[in-house]
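Single-structure report; data block below.
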Amino acid sequence: MSPASTSLSLAGREARRQRLLVTGTEPVGPYTLLRLERGELEPGVPGQFFMLEAPRRVLPRPMSLCQAPPRELTFLIDPIGPGTRALCTLRSGEAIHVLGPLGNGFDLDVDRPVLVAGGIGIAPMPYLAAALGDPPAVLGFRTERHAEAGRLLPGAEIVVEPRLVTELLPNDPCDVLACGPEPMLEALRTRAPHAQLAWEARMACGYGACYGCVVEIDGRNRRLCVDGPVLRNAA
Amino acid sequence: MSPASTSLSLAGREARRQRLLVTGTEPVGPYTLLRLERGELEPGVPGQFFMLEAPRRVLPRPMSLCQAPPRELTFLIDPIGPGTRALCTLRSGEAIHVLGPLGNGFDLDVDRPVLVAGGIGIAPMPYLAAALGDPPAVLGFRTERHAEAGRLLPGAEIVVEPRLVTELLPNDPCDVLACGPEPMLEALRTRAPHAQLAWEARMACGYGACYGCVVEIDGRNRRLCVDGPVLRNAA
Amino acid sequence: MTVQLLNASGCLDALVAPGIAIQLDAFVTKTVTPQAREGNPPPRIVETESGMLNSIGLQNPGIDAFVEEILPRITELGVPIWVSVGGFSAPDYAEVCERLDGQAAVEVIELNLSCPNVEEAPETAAELVAAARAATTKPLYAKLSPATWDVAESARAVAGAGADGLSLVNTIRGLALNPTTRRPNLPRGAGGYSGPALRPIALACVHACARAVALPIVGMGGVTSGDDVLDFLAAGASAVALGTILFSDPLAPSRIRAELSDTGVPAVVVSRHGIHGFVRNSASRHVLSSE
Amino acid sequence: MTVQLLNASGCLDALVAPGIAIQLDAFVTKTVTPQAREGNPPPRIVETESGMLNSIGLQNPGIDAFVEEILPRITELGVPIWVSVGGFSAPDYAEVCERLDGQAAVEVIELNLSCPNVEEAPETAAELVAAARAATTKPLYAKLSPATWDVAESARAVAGAGADGLSLVNTIRGLALNPTTRRPNLPRGAGGYSGPALRPIALACVHACARAVALPIVGMGGVTSGDDVLDFLAAGASAVALGTILFSDPLAPSRIRAELSDTGVPAVVVSRHGIHGFVRNSASRHVLSSE
Ligand SMILES: Cc1cc2nc3c(=O)[nH]c(=O)nc-3n(C[C@H](O)[C@H](O)[C@H](O)COP(=O)(O)OP(=O)(O)OC[C@H]3O[C@@H](n4cnc5c(N)ncnc54)[C@H](O)[C@@H]3O)c2cc1C
Ligand SMILES: Cc1cc2nc3c(=O)[nH]c(=O)nc-3n(C[C@H](O)[C@H](O)[C@H](O)COP(=O)(O)OP(=O)(O)OC[C@H]3O[C@@H](n4cnc5c(N)ncnc54)[C@H](O)[C@@H]3O)c2cc1C
Ligand SMILES: Cc1cc2nc3c(=O)[nH]c(=O)nc-3n(C[C@H](O)[C@H](O)[C@H](O)COP(=O)(O)O)c2cc1C
Ligand SMILES: Cc1cc2nc3c(=O)[nH]c(=O)nc-3n(C[C@H](O)[C@H](O)[C@H](O)COP(=O)(O)O)c2cc1C
Ligand code: FES
Ligand code: FES
């Protein structure tokens with residue numbers, strides 16, 4: 001069992017910090033699905049994120065919740081550097097500190113949801129799809145191997161580069177909820193003025209303490225960890 | 001099998017550096033006996049030492065060879081700080097870089113050898129005793145628990161504080177070969193003018209590169225790793 | 001003697017994390033400048049092997065918005081408030097200190113004389129302290145950089161200019177490159193280096209300054225544990241501030257207090273005897289007032 | 001373009017480890033002073049989380065014994081020799097440089113202007129370089145400390161005084177305490193901080209100086225791998241020196257060359273374009289002469 005948790009009010013929301021046991025890891029294409037005991041943490045709203053302790057690193061790493069099975073939290077991790085590699089090599093029985101849920105998730109009050117994800121941007125989609133009753137989804141990947149991650153979202157349409165997700169967007173009006181690389185989000189921004197987009201930035205703290213994660217919103221530098229990561233395009 | 005070794009001439013002596021597999025560890029009282037595959041390293045002369053890579057530490061740690069069983073090298077380690085603790089928690093199958101043998105060992109050309117050790121100073125004695133045909137030996141320890149290490153030197157006389165090894169020294173002339181804490185070595189120095197004493201100093205490199213290990217010998221600062229660790233008292 | 005724990009300036013937002021701020025003996029604000037600043041362009045942070053680099057660039061709402069909108073709200077927390085003041089000239093420091101002088105809620109003014117991420121003022125640290133001294137009667141803590149050959153000399157200079165205490169240390173300039181492009185990982189090139197790697201440097205600065213001046217010292221730089229806190233006290237600090245550790249462990253203040261309450265306090269006294277030969281009670285006057 | 005690897009002064013004894021010295025493009029001696037020095041009392045070293053502190057105190061036999069006994073023997077190794085020169089006043093530097101000026105075996109003189117473990121000379125770095133410049137026609141490399149607010153300024157000053165190159169950086173002062181006694185782990189208190197923790201600081205200094213002056217730069221500070229070497233070259237170094245890594249891996253020179261020969265060289269060129277917009281060929285004149 002994981003040791004006791006502590007609750008914290010961060011940016012007016014309840015979050016908890018607890019040392020959680022790793023219950024398992026499995027490869028998903030080039031990514032790793034990390035399963036943690038849920039402990040006393042709330043899964044939160046789809047699109048919110050958690051700060052995961054990265055073994056032997058100075059700073060934790062922000063990760064979107066991928067799935068919320070009973071008594072577990074899972075995260076889909078792309079090993080692109082030292083922190084994510086350390087997380088992907090965790091073994092069952094090891095434990096890491098986790099803080100969350102953090103930030104603004106997706107607004108689920110939408111009429112015609114369509115989920116759009118590129119690459120590791122698929123990470124928050126399984127939990128989001130479950131909350132919205134498996135709406136239509138389109139996924140784009142760099143290679144066939146990356147596309148294996150599509151199995152986490154059964155029924156989704158999948159394209160592999162050079163084809164792009166934007167080609168698959170329905171022409172009739174819909175509510176886009178998206179996560180992925182910046183070029184994809186920028187493309188959607190013009191295509192779907194009211195899309196809800198989950199952005200990324202390097203984060204040191206994840207709860208508003210460091211001002212490291214700012215992005216420009218309406219000409220002002222705002223903290224993505226507090227005002228995002230999900231932003232309404234128009235906003 | 002351990003990867004290939006490289007040979008080096010250091011201070012005019014041949015040494016080798018190789019990544020050696022841990023074949024096992026066993027507790028010996030409060031100490032840990034670390035067993036390594038011998039690879040292509042020479043065990044050297046009793047009293048010589050090796051620099052052992054301490055996992056996740058910046059500097060290696062100097063350790064005297066304890067035993068030289070066929071195809072193995074063993075080291076007796078007292079976990080007094082981060083480096084020795086890291087070495088004591090190594091597991092079979094892990095591997096560390098080892099450099100050696102290094103320094104001046106004991107001069108084995110002695111008529112009436114008596115081995116004297118205090119605490120972890122017992123470390124080089126089993127290999128030394130084997131080379132001299134199990135001469136008489138006296139061992140001093142801080143507690144009964146530490147004294148369990150006496151089993152590495154069957155037949156040795158053992159005293160536990162407040163009693164001191166010096167009480168057990170034979171009165172008729174003999175050739176003392178000793179290793180242990182400074183107060184013990186200083187006491188022997190006065191008792192046995194020609195004793196061979198194995199000293200300690202903090203070492204960064206172990207092969208004469210850093211000048212970190214100097215001790216005062218005849219009013220000059222000499223590198224213990226090159227001119228020692230075994231010094232002839234009178235010298 | 002209980003150990004005084006503060007946050008390091010720029011490492012905690014009391015309005016976003018009030019539950020953490022109230023665990024501190026004093027809350028230190030992010031540096032406030034005369035005008036509002038948007039700060040430096042992102043990315044602003046990068047991790048290194050045993051620390052991190054930041055290039056925030058003193059993003060803050062400016063002294064007017066601070067006094068009108070922020071100060072009243074953090075005052076409600078009931079934690080003693082230290083305001084960190086920055087600027088680009090002596091008049092800047094004087095202006096901000098003057099505005100704060102009338103604010104009863106402000107217990108201490110910390111002068112950030114050493115931000116590595118913005119252009120520096122033309123005046124020396126001592127001149128900036130003198131300008132601030134003329135503008136306020138509040139206790140002034142001078143925050144010094146470790147990037148100097150003789151920090152004790154700087155300490156004597158700011159003490160002579162009227163500083164009531166020292167905050168040691170600020171970050172030191174560091175650079176990291178992207179392993180693929182080999183370009184600096186931060187747009188401005190260098191950033192401020194903080195975290196565990198900074199600790200030995202910070203301890204050396206505290207140790208040198210504690211011998212050079214009789215002022216109380218808030219020690220900081222890579223503190224992660226109760227053990228680290230004891231090192232800073234032993235080196236001559238009278239209080240300790242937590243920075244980078246708050247990013248990975250927002251609960252560090254309570255954890256560290258627990259670590260200290262086990263074996264801490266006697267060790268503190270012993271150790272400070274060990275270093276100073278006596279316990280510098282005077283050293284804690286401003287911070288102790290928060291008890 | 002091949003990468004030039006040297007040892008950092010004080011981190012290798014060519015007479016004890018000739019097999020390592022001959023793997024280098026140049027061997028840099030431990031700092032030599034006018035008189036023999038016994039150095040500081042032990043213990044002289046302590047490890048930290050990601051570096052080490054040393055307080056050797058320039059132990060060396062003095063210039064006479066160096067020229068008579070040591071120089072002839074290291075000359076036999078056939079490796080270009082850089083002699084590190086130290087002292088406690090401008091005349092000290094001038095005296096040692098004058099003695100070395102006539103020694104054909106000496107290719108470069110490196111002026112150690114920044115040892116944190118001994119009392120410093122009263123003169124500025126530039127004055128010490130000027131004194132050395134007047135005493136010898138050999139190429140002079142000025143070795144600077146990272147413990148300064150504006151290292152580029154120091155670089156311009158020593159360049160103006162006649163330095164032909166820069167060695168960046170020396171150690172920075174650090175302190176560690178014994179966890180039991182809470183007393184400094186080194187008798188003199190602070191020591192020189194080196195190793196991986198110093199790398200971001202060293203890279204920032206190289207980056208700043210490469211922009212400030214056109215001199216070749218020997219970069220050092222926490223180099224452990226070929227990847228680290230590429231970082232220093234990208235930051236503007238024309239050669240790289242290995243220090244603390246030699247203590248844990250005496251075979252680092254050959255290992256690092258192997259790491260570089262895999263993907264290294266193109267990366268170097270790319271990366272230095274990335275930083276400078278052009279490859280500073282002039283930068284390598286002294287060190288390249290060792291090819
Ligand atoms: C709100 C949020 C949610 C996230 N969710 C996930 C997730 O579910 N799964 C997942 O695999 N990743 C996720 N990320 C990205 C992940 O946090 C980073 O990839 C990770 O921090 C990189 O750390 P590292 O040490 O492995 O690589 P680093 O060495 O830190 O970085 C490697 C490379 O990636 C770049 N980089 C670093 N951090 C980021 C970042 N945050 N965004 C974009 N580029 C970056 C660096 O510039 C560098 O070029 C999320 C990020 C945010 C902000
Ligand atoms: C030639 C030689 C042979 C040695 N053989 C053995 C051996 O066979 N088995 C064994 O257990 N140890 C041996 N030692 C001692 C061992 O190297 C040190 O205990 C070890 O380096 C301490 O590292 P650490 O990180 O665990 O502790 P540290 O944190 O480095 O030190 C912990 C405490 O021990 C003190 N200390 C550190 N290094 C030394 C040292 N070299 N000598 C004395 N005190 C020190 C420190 O001041 C500190 O108080 C030998 C030392 C030398 C020089
Ligand atoms: C993200 C970040 C922002 C900082 N902002 C400020 C600031 O606004 N003013 C200031 O005086 N110091 C600032 N600092 C420096 C810290 O207050 C502290 O001096 C330094 O980080 C060393 O402590 P640490 O190693 O515990 O972080 C900042 C540090 C970090 C990491
Ligand atoms: C044990 C030791 C001794 C040193 N002696 C000298 C010296 O005599 N002269 C000098 O200029 N630098 C000396 N240095 C500094 C190194 O040359 C180098 O500048 C510094 O260690 C940074 O490199 P590193 O991190 O790779 O060790 C010494 C460093 C160490 C660790
Ligand atoms: S990550 Fe620290 S403020 Fe957003
Ligand atoms: S340990 Fe480096 S010279 Fe002896």
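FYI, nothing fancy with the structure tokens labels: chains A, B, ... in order, residues from 1 per chain, ligands from 1 as they appear.
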What are the residues of chain A that have an atom within 8 Å of an atom of chain C, counting only C-alpha atoms, as a list in words?
->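 Here they are: Leu8, Ser9, Leu10, Ala11, Gly12, Glu53, Arg57, Val58, Leu59, Pro60, Ala201, Arg202, Met203, Ala204, Cys205, Gly206, Tyr207, Gly208, Ala209, Cys210, Tyr211, Gly212, Cys213, Val214, Val215, Arg220 and Asn221 of chain A.
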Quick one: residues within 6 Å of ligand 2, with only C-alpha atoms and all ligand atoms, as number ranges by chain?
-> B: 49, 61-64, 75-85, 120, 123, 200-202, 229
Tell me, which residues of range 64-285 of chain D carry DSSP strand (DSSP E), written as a PyMOL selection string?
-> chain D and resi 81-85+106-112+140-144+165-168+172-174+191-194+217-219+239-242
Would you save the residues of that selection, restricted to C-alpha atoms, as a PDB file, in the first residue's frame?
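Generated file (again_8.pdb):
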```
ATOM      1  CA  ILE D  81      54.195  20.679 -22.782  1.00  0.00           C
ATOM      2  CA  TRP D  82      52.122  23.464 -21.276  1.00  0.00           C
ATOM      3  CA  VAL D  83      53.509  24.773 -17.992  1.00  0.00           C
ATOM      4  CA  SER D  84      51.036  26.202 -15.491  1.00  0.00           C
ATOM      5  CA  VAL D  85      52.556  29.162 -13.647  1.00  0.00           C
ATOM      6  CA  VAL D 106      57.789  24.510 -23.242  1.00  0.00           C
ATOM      7  CA  GLU D 107      55.152  25.187 -25.870  1.00  0.00           C
ATOM      8  CA  VAL D 108      52.658  27.249 -23.905  1.00  0.00           C
ATOM      9  CA  ILE D 109      52.609  28.960 -20.523  1.00  0.00           C
ATOM     10  CA  GLU D 110      49.273  28.844 -18.713  1.00  0.00           C
ATOM     11  CA  LEU D 111      48.927  31.540 -16.058  1.00  0.00           C
ATOM     12  CA  ASN D 112      46.963  30.286 -13.050  1.00  0.00           C
ATOM     13  CA  LEU D 140      50.358  32.863 -22.755  1.00  0.00           C
ATOM     14  CA  TYR D 141      47.027  31.321 -21.747  1.00  0.00           C
ATOM     15  CA  ALA D 142      45.257  33.154 -18.937  1.00  0.00           C
ATOM     16  CA  LYS D 143      43.314  30.814 -16.659  1.00  0.00           C
ATOM     17  CA  LEU D 144      40.316  32.641 -15.221  1.00  0.00           C
ATOM     18  CA  GLY D 165      44.476  32.382 -25.184  1.00  0.00           C
ATOM     19  CA  LEU D 166      42.147  31.617 -22.299  1.00  0.00           C
ATOM     20  CA  SER D 167      41.772  28.568 -20.068  1.00  0.00           C
ATOM     21  CA  LEU D 168      38.229  28.462 -18.691  1.00  0.00           C
ATOM     22  CA  ILE D 172      35.032  27.939  -7.674  1.00  0.00           C
ATOM     23  CA  ARG D 173      35.037  28.120  -3.864  1.00  0.00           C
ATOM     24  CA  GLY D 174      32.814  25.552  -2.178  1.00  0.00           C
ATOM     25  CA  GLY D 191      38.029  24.379  -1.155  1.00  0.00           C
ATOM     26  CA  GLY D 192      37.927  24.452  -4.955  1.00  0.00           C
ATOM     27  CA  TYR D 193      34.707  22.948  -6.362  1.00  0.00           C
ATOM     28  CA  SER D 194      35.146  20.839  -9.512  1.00  0.00           C
ATOM     29  CA  ILE D 217      39.754  28.946 -25.437  1.00  0.00           C
ATOM     30  CA  VAL D 218      40.612  25.741 -23.609  1.00  0.00           C
ATOM     31  CA  GLY D 219      37.304  24.770 -22.038  1.00  0.00           C
ATOM     32  CA  ALA D 239      40.145  22.625 -27.119  1.00  0.00           C
ATOM     33  CA  VAL D 240      38.937  20.821 -24.015  1.00  0.00           C
ATOM     34  CA  ALA D 241      40.728  19.799 -20.815  1.00  0.00           C
ATOM     35  CA  LEU D 242      39.925  16.843 -18.561  1.00  0.00           C
TER      36      LEU D 242
END
```
Among the residues of range 36-208 of chain D, find those DSSP assigns to helix (DSSP H, G or I) from the backbone and print them as JSON, numbers by chain.
-> {"D": [62, 63, 64, 65, 66, 67, 68, 69, 70, 71, 72, 73, 74, 75, 90, 91, 92, 93, 94, 95, 96, 97, 98, 99, 100, 101, 125, 126, 127, 128, 129, 130, 131, 132, 133, 134, 135, 151, 152, 153, 154, 155, 156, 157, 158, 159, 160, 196, 197, 198, 199, 200, 201, 202, 203, 204, 205, 206, 207, 208]}
Go through D:Ala208, D:Ala104, D:Leu5, D:Ala214 one by one, measure the shortest atom-to-atom distance of each to ligand 4 using only C-alpha atoms and all ligand atoms, and give the residue with the smallest value.
->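 Closest to ligand 4, using only C-alpha atoms and all ligand atoms: D:Leu5.
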Non-local contacts of Tyr93 in chain C (10 Å; only C-alpha atoms; under 3 positions in same chain excluded) as number ranges by chain | C: 32-34, 85-90, 96-98, 111-113, 121, 128-133, 135
Up to 7 Å from chain C, what residues of chain D turn up? Count only C-alpha atoms and give them as a PyMOL selection string.
-> chain D and resi 50+147-149+173-177+181-183+190+197+200-201+203-204+231+234+271+274-275
Please produce a file of those selected residues containing N, CA, C and O atoms, as a PDB file, in the first residue's frame.
```pdb
ATOM      1  N   SER D  50      27.665  16.002  -6.517  1.00  0.00           N
ATOM      2  CA  SER D  50      27.936  15.932  -7.955  1.00  0.00           C
ATOM      3  C   SER D  50      29.237  16.640  -8.318  1.00  0.00           C
ATOM      4  O   SER D  50      29.374  17.196  -9.400  1.00  0.00           O
ATOM      5  N   ALA D 147      34.321  32.786 -10.657  1.00  0.00           N
ATOM      6  CA  ALA D 147      33.765  33.554  -9.544  1.00  0.00           C
ATOM      7  C   ALA D 147      33.883  35.053  -9.809  1.00  0.00           C
ATOM      8  O   ALA D 147      34.580  35.780  -9.109  1.00  0.00           O
ATOM      9  N   THR D 148      33.214  35.505 -10.869  1.00  0.00           N
ATOM     10  CA  THR D 148      33.209  36.921 -11.187  1.00  0.00           C
ATOM     11  C   THR D 148      31.887  37.247 -11.873  1.00  0.00           C
ATOM     12  O   THR D 148      31.320  36.402 -12.572  1.00  0.00           O
ATOM     13  N   TRP D 149      31.388  38.452 -11.631  1.00  0.00           N
ATOM     14  CA  TRP D 149      30.080  38.811 -12.167  1.00  0.00           C
ATOM     15  C   TRP D 149      30.104  38.873 -13.686  1.00  0.00           C
ATOM     16  O   TRP D 149      29.155  38.505 -14.349  1.00  0.00           O
ATOM     17  N   ARG D 173      35.014  28.477  -5.286  1.00  0.00           N
ATOM     18  CA  ARG D 173      35.037  28.120  -3.864  1.00  0.00           C
ATOM     19  C   ARG D 173      33.762  27.393  -3.444  1.00  0.00           C
ATOM     20  O   ARG D 173      32.658  27.815  -3.785  1.00  0.00           O
ATOM     21  N   GLY D 174      33.949  26.308  -2.703  1.00  0.00           N
ATOM     22  CA  GLY D 174      32.814  25.552  -2.178  1.00  0.00           C
ATOM     23  C   GLY D 174      33.130  25.064  -0.775  1.00  0.00           C
ATOM     24  O   GLY D 174      34.303  24.993  -0.386  1.00  0.00           O
ATOM     25  N   LEU D 175      32.090  24.768  -0.010  1.00  0.00           N
ATOM     26  CA  LEU D 175      32.254  24.300   1.370  1.00  0.00           C
ATOM     27  C   LEU D 175      31.398  23.060   1.589  1.00  0.00           C
ATOM     28  O   LEU D 175      30.277  22.978   1.093  1.00  0.00           O
ATOM     29  N   ALA D 176      31.932  22.106   2.318  1.00  0.00           N
ATOM     30  CA  ALA D 176      31.158  20.932   2.743  1.00  0.00           C
ATOM     31  C   ALA D 176      31.432  20.719   4.221  1.00  0.00           C
ATOM     32  O   ALA D 176      32.525  21.012   4.706  1.00  0.00           O
ATOM     33  N   LEU D 177      30.401  20.236   4.944  1.00  0.00           N
ATOM     34  CA  LEU D 177      30.557  20.034   6.385  1.00  0.00           C
ATOM     35  C   LEU D 177      30.492  18.559   6.720  1.00  0.00           C
ATOM     36  O   LEU D 177      29.811  17.787   6.045  1.00  0.00           O
ATOM     37  N   THR D 181      30.119  16.268  12.932  1.00  0.00           N
ATOM     38  CA  THR D 181      30.628  17.404  13.725  1.00  0.00           C
ATOM     39  C   THR D 181      30.083  18.730  13.229  1.00  0.00           C
ATOM     40  O   THR D 181      30.172  19.733  13.937  1.00  0.00           O
ATOM     41  N   ARG D 182      29.546  18.769  11.983  1.00  0.00           N
ATOM     42  CA  ARG D 182      29.106  20.029  11.361  1.00  0.00           C
ATOM     43  C   ARG D 182      30.257  21.029  11.275  1.00  0.00           C
ATOM     44  O   ARG D 182      30.037  22.241  11.241  1.00  0.00           O
ATOM     45  N   ARG D 183      31.468  20.521  11.265  1.00  0.00           N
ATOM     46  CA  ARG D 183      32.611  21.404  11.018  1.00  0.00           C
ATOM     47  C   ARG D 183      33.018  21.244   9.562  1.00  0.00           C
ATOM     48  O   ARG D 183      32.753  20.198   8.951  1.00  0.00           O
ATOM     49  N   ALA D 190      36.770  26.421   3.106  1.00  0.00           N
ATOM     50  CA  ALA D 190      36.373  26.237   1.711  1.00  0.00           C
ATOM     51  C   ALA D 190      37.483  25.567   0.905  1.00  0.00           C
ATOM     52  O   ALA D 190      38.658  25.572   1.291  1.00  0.00           O
ATOM     53  N   ALA D 197      29.090  19.167 -11.428  1.00  0.00           N
ATOM     54  CA  ALA D 197      28.267  20.291 -10.963  1.00  0.00           C
ATOM     55  C   ALA D 197      28.775  21.627 -11.511  1.00  0.00           C
ATOM     56  O   ALA D 197      28.016  22.592 -11.630  1.00  0.00           O
ATOM     57  N   PRO D 200      27.764  23.491 -16.037  1.00  0.00           N
ATOM     58  CA  PRO D 200      26.947  24.595 -16.580  1.00  0.00           C
ATOM     59  C   PRO D 200      27.584  25.967 -16.354  1.00  0.00           C
ATOM     60  O   PRO D 200      27.490  26.844 -17.216  1.00  0.00           O
ATOM     61  N   ILE D 201      28.256  26.140 -15.219  1.00  0.00           N
ATOM     62  CA  ILE D 201      28.930  27.407 -14.913  1.00  0.00           C
ATOM     63  C   ILE D 201      30.079  27.617 -15.885  1.00  0.00           C
ATOM     64  O   ILE D 201      30.254  28.698 -16.462  1.00  0.00           O
ATOM     65  N   LEU D 203      30.465  26.255 -18.876  1.00  0.00           N
ATOM     66  CA  LEU D 203      29.942  26.474 -20.235  1.00  0.00           C
ATOM     67  C   LEU D 203      29.487  27.922 -20.410  1.00  0.00           C
ATOM     68  O   LEU D 203      29.714  28.529 -21.459  1.00  0.00           O
ATOM     69  N   ALA D 204      28.878  28.491 -19.376  1.00  0.00           N
ATOM     70  CA  ALA D 204      28.425  29.883 -19.461  1.00  0.00           C
ATOM     71  C   ALA D 204      29.620  30.820 -19.609  1.00  0.00           C
ATOM     72  O   ALA D 204      29.583  31.785 -20.373  1.00  0.00           O
ATOM     73  N   ASP D 231      29.617  19.935 -26.162  1.00  0.00           N
ATOM     74  CA  ASP D 231      28.989  21.116 -25.553  1.00  0.00           C
ATOM     75  C   ASP D 231      30.001  22.257 -25.433  1.00  0.00           C
ATOM     76  O   ASP D 231      29.711  23.401 -25.767  1.00  0.00           O
ATOM     77  N   ALA D 234      30.780  23.665 -28.805  1.00  0.00           N
ATOM     78  CA  ALA D 234      29.626  24.435 -29.272  1.00  0.00           C
ATOM     79  C   ALA D 234      29.556  25.787 -28.568  1.00  0.00           C
ATOM     80  O   ALA D 234      29.167  26.792 -29.155  1.00  0.00           O
ATOM     81  N   SER D 271      27.652  22.198 -34.784  1.00  0.00           N
ATOM     82  CA  SER D 271      27.321  22.908 -33.554  1.00  0.00           C
ATOM     83  C   SER D 271      28.049  24.246 -33.496  1.00  0.00           C
ATOM     84  O   SER D 271      27.478  25.249 -33.120  1.00  0.00           O
ATOM     85  N   GLY D 274      26.379  26.557 -35.429  1.00  0.00           N
ATOM     86  CA  GLY D 274      25.172  26.927 -34.690  1.00  0.00           C
ATOM     87  C   GLY D 274      25.442  28.054 -33.721  1.00  0.00           C
ATOM     88  O   GLY D 274      24.621  28.942 -33.547  1.00  0.00           O
ATOM     89  N   ILE D 275      26.581  28.027 -33.115  1.00  0.00           N
ATOM     90  CA  ILE D 275      26.871  29.038 -32.102  1.00  0.00           C
ATOM     91  C   ILE D 275      27.521  30.280 -32.709  1.00  0.00           C
ATOM     92  O   ILE D 275      27.116  31.402 -32.475  1.00  0.00           O
TER      93      ILE D 275
END
```
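If you look at CA of Gly105 in chain A and CA of Gly44 in chain A, they are 8.2 Å away from each other.
Nearest to chain B of all the residues A:Glu167, A:Gly29, A:Val138, A:Arg56 is A:Arg56, counting only C-alpha atoms.
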Separation of CA of Cys179 in chain A from atom 3 (C, counted along the ligand's line) of ligand 1, in Å and rounded to one decimal |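 These atoms are spaced 9.3 Å apart.
For the pair CA of Arg99 in chain C and CA of Glu68 in chain C, the separation is 11.0 Å.
With distances taken over only C-alpha atoms and all ligand atoms, C:Asn185 is the one residue among C:Asn185, C:Thr137, C:Gln4, C:Ser225 lying closest to ligand 1.
Compared by their closest atoms to ligand 4, and using only C-alpha atoms and all ligand atoms, the residues D:Gly226, D:Pro139, D:Gly78, D:Gly221 rank with D:Gly221 nearest.
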